[in-house]
file data_0.cif (mmCIF, C-alpha atoms)
data_coords
loop_
_atom_site.label_atom_id
_atom_site.label_comp_id
_atom_site.auth_asym_id
_atom_site.auth_seq_id
_atom_site.Cartn_x
_atom_site.Cartn_y
_atom_site.Cartn_z
CA MET I 1 56.52 -40.44 219.04
CA THR I 2 54.22 -38.70 221.48
CA ALA I 3 54.15 -39.01 225.25
CA LEU I 4 50.85 -40.93 225.03
CA GLN I 5 52.40 -43.52 222.73
CA THR I 6 55.39 -43.90 225.05
CA VAL I 7 53.13 -44.41 228.06
CA CYS I 8 51.09 -46.96 226.11
CA LEU I 9 54.24 -48.86 225.13
CA LEU I 10 55.35 -48.95 228.75
CA ALA I 11 51.90 -50.18 229.83
CA VAL I 12 52.05 -52.98 227.25
CA ALA I 13 55.54 -53.94 228.42
CA VAL I 14 54.43 -54.07 232.06
CA ALA I 15 51.23 -56.01 231.28
CA GLY I 16 53.12 -58.47 229.07
CA THR I 17 55.75 -59.04 231.72
CA ALA I 18 53.06 -59.55 234.36
CA THR I 19 51.32 -62.10 232.15
CA VAL I 20 54.50 -64.07 231.59
CA LEU I 21 55.63 -64.03 235.22
CA THR I 22 52.25 -65.06 236.66
CA ARG I 23 52.05 -68.78 237.46
CA ASP I 24 48.43 -69.13 238.62
CA PRO I 25 46.21 -69.81 235.56
CA LEU I 26 43.32 -67.73 236.90
CA ARG I 27 45.52 -64.70 237.50
CA GLN I 28 47.24 -65.29 234.18
CA ALA I 29 43.88 -65.09 232.37
CA VAL I 30 43.16 -61.76 234.07
CA ALA I 31 46.65 -60.49 233.26
CA SER I 32 46.20 -61.58 229.64
CA GLY I 33 42.97 -59.61 229.48
CA SER I 34 44.71 -56.54 230.82
CA LEU I 35 47.45 -57.01 228.21
CA GLY I 36 44.80 -57.14 225.49
CA LEU I 37 43.23 -53.93 226.74
CA ALA I 38 46.64 -52.22 226.95
CA LEU I 39 47.34 -53.28 223.38
CA SER I 40 44.02 -51.88 222.24
CA VAL I 41 44.85 -48.51 223.81
CA LEU I 42 48.25 -48.67 222.09
CA PHE I 43 46.61 -49.32 218.73
CA LEU I 44 44.25 -46.42 219.34
CA ALA I 45 47.19 -44.14 220.22
CA PHE I 46 48.91 -45.07 216.97
CA GLY I 47 45.79 -44.23 214.96
CA ALA I 48 44.27 -47.64 214.25
CA PRO I 49 40.81 -47.55 215.86
CA ASP I 50 39.51 -50.51 213.82
CA VAL I 51 42.34 -52.73 215.07
CA ALA I 52 41.82 -51.41 218.61
CA LEU I 53 38.14 -52.42 218.56
CA SER I 54 39.00 -55.89 217.29
CA GLN I 55 41.67 -56.21 219.98
CA ILE I 56 39.18 -55.28 222.71
CA VAL I 57 36.71 -57.91 221.54
CA VAL I 58 39.17 -60.73 220.98
CA ALA I 59 42.05 -60.32 223.44
CA GLY I 60 40.30 -58.24 226.06
CA VAL I 61 37.07 -60.20 226.34
CA ALA I 62 36.75 -63.42 224.32
CA VAL I 63 40.06 -65.13 225.10
CA PRO I 64 40.02 -64.50 228.88
CA VAL I 65 36.39 -65.64 229.10
CA MET I 66 37.18 -68.85 227.20
CA VAL I 67 40.21 -69.53 229.41
CA LEU I 68 38.17 -68.93 232.58
CA LEU I 69 35.42 -71.25 231.34
CA ALA I 70 37.98 -73.95 230.54
CA LEU I 71 39.55 -73.59 234.00
CA ALA I 72 36.12 -73.88 235.63
CA LYS I 73 35.39 -77.04 233.65
CA ILE I 74 38.75 -78.59 234.57
CA ARG I 75 38.22 -77.82 238.25
CA THR I 76 34.72 -79.31 238.13
CA VAL I 77 36.04 -82.52 236.57
CA ASP I 78 38.90 -82.68 239.12
CA ARG I 79 36.48 -82.25 242.02
CA ALA I 80 34.22 -85.00 240.66
CA ALA I 81 37.18 -87.34 240.26
CA ALA I 82 38.38 -86.60 243.80
CA ARG I 83 34.88 -87.21 245.14
CA ASP I 84 34.67 -90.55 243.32
CA ASP I 85 38.08 -91.59 244.68
CA ALA I 86 37.00 -90.68 248.21
CA GLU I 87 33.82 -92.75 247.90
CA GLU I 88 35.74 -95.81 246.70
CA GLN I 89 38.01 -95.77 249.76
#

call {"tool": "encode", "arguments": {"input": "data_0.cif", "output": "structure tokens"}}
result
Amino acid sequence: MTALQTVCLLAVAVAGTATVLTRDPLRQAVASGSLGLALSVLFLAFGAPDVALSQIVVAGVAVPVMVLLALAKIRTVDRAAARDDAEEQ
């Protein structure tokens, strides 16, 4: 195992731990994206560039964007519900 592979493994371990320990959903989506990018670099270091490219697209971009869009939609619905409750009182 090379030094680059060891550094990549440590980066994945740190990013994974940060993702798990983060409680705020917005920060967790960002941490998940960084984990996906760290994994893609790990795959590249182990000689799997095709898997690394797929990892960048899916875990580094698509999943965090979908999570952020879902959080934005939930917050919009919550604000509308709070506004409706305030108007009724």

call {"tool": "atom_distance", "arguments": {"input": "data_0.cif", "atom1": "atom CA of I:Thr22", "atom2": "atom CA of I:Ala81"}}
result
27.1 Å

call {"tool": "resolve_selection", "arguments": {"input": "data_0.cif", "expression": "the PyMOL selection byres ((chain I and resi 7-20) around 8)", "output": "PyMOL selection string"}}
result
chain I and resi 3-6+21-23+28+31-32+34-35+38-39+41-42+45

call {"tool": "residues_around", "arguments": {"input": "data_0.cif", "residues": "stretch 50-56 of chain I", "least_positions_apart": "4", "cutoff": "8 Å", "atoms": "all atoms listed in the file", "output": "JSON, numbers by chain"}}
result
{"I": [36, 37, 39, 40, 41, 42, 43, 44, 60, 61]}

call {"tool": "closest_residue", "arguments": {"input": "data_0.cif", "among": "I:Val58, I:Leu68, I:Glu88, I:Gly47", "to": "I:Arg27", "atoms": "only C-alpha atoms"}}
result
I:Leu68

call {"tool": "atom_distance", "arguments": {"input": "data_0.cif", "atom1": "atom CA of I:Ala62", "atom2": "atom CA of I:Leu26"}}
result
14.8 Å

call {"tool": "atom_distance", "arguments": {"input": "data_0.cif", "atom1": "atom CA of I:Leu69", "atom2": "atom CA of I:Ala86"}}
result
25.8 Å

call {"tool": "closest_residue", "arguments": {"input": "data_0.cif", "among": "I:Val30, I:Thr2, I:Ala48, I:Asp24", "to": "I:Val65", "atoms": "only C-alpha atoms"}}
result
I:Val30

call {"tool": "closest_residue", "arguments": {"input": "data_0.cif", "among": "I:Ala82, I:Val77, I:Met1, I:Met66", "to": "I:Gly33", "atoms": "all atoms listed in the file"}}
result
I:Met66

call {"tool": "axis_aligned_box", "arguments": {"input": "data_0.cif", "around": "stretch 17-29 of chain I", "padding_each_side": "5 Å", "output": "lines of an AutoDock Vina configuration file"}}
result
center_x = 49.5
center_y = -64.4
center_z = 235.1
size_x = 22.4
size_y = 20.8
size_z = 17.0

call {"tool": "residues_around", "arguments": {"input": "data_0.cif", "residues": "stretch 71-74 of chain I", "least_positions_apart": "4", "cutoff": "8 Å", "atoms": "all atoms listed in the file", "output": "VMD selection string"}}
result
chain I and resid 25 to 26 67 78

call {"tool": "closest_residue", "arguments": {"input": "data_0.cif", "among": "I:Arg75, I:Phe46, I:Ala29, I:Gln89", "to": "I:Val63", "atoms": "only C-alpha atoms"}}
result
I:Ala29

call {"tool": "decode", "arguments": {"input": "data_0.cif", "residues": "stretch 11-31 of chain I", "atoms": "C-alpha atoms", "output": "compact mmCIF listing (two decimals), in the first residue's frame"}}
result
# COMPACT_ATOMS: atom_id res chain seq x y z
CA ALA I 11 -9.41 11.14 4.49
CA VAL I 12 -12.33 8.76 3.94
CA ALA I 13 -12.34 7.81 7.62
CA VAL I 14 -12.35 11.46 8.71
CA ALA I 15 -15.06 12.45 6.20
CA GLY I 16 -17.22 9.47 7.16
CA THR I 17 -16.88 10.24 10.85
CA ALA I 18 -17.74 13.89 10.22
CA THR I 19 -20.83 12.87 8.26
CA VAL I 20 -22.05 10.58 11.03
CA LEU I 21 -21.38 13.02 13.87
CA THR I 22 -23.02 16.02 12.18
CA ARG I 23 -26.58 16.64 13.38
CA ASP I 24 -27.66 19.56 11.17
CA PRO I 25 -29.14 18.17 7.91
CA LEU I 26 -27.67 20.96 5.78
CA ARG I 27 -24.16 20.39 7.11
CA GLN I 28 -24.67 16.65 6.86
CA ALA I 29 -25.44 16.96 3.14
CA VAL I 30 -22.22 18.93 2.63
CA ALA I 31 -20.26 16.41 4.69
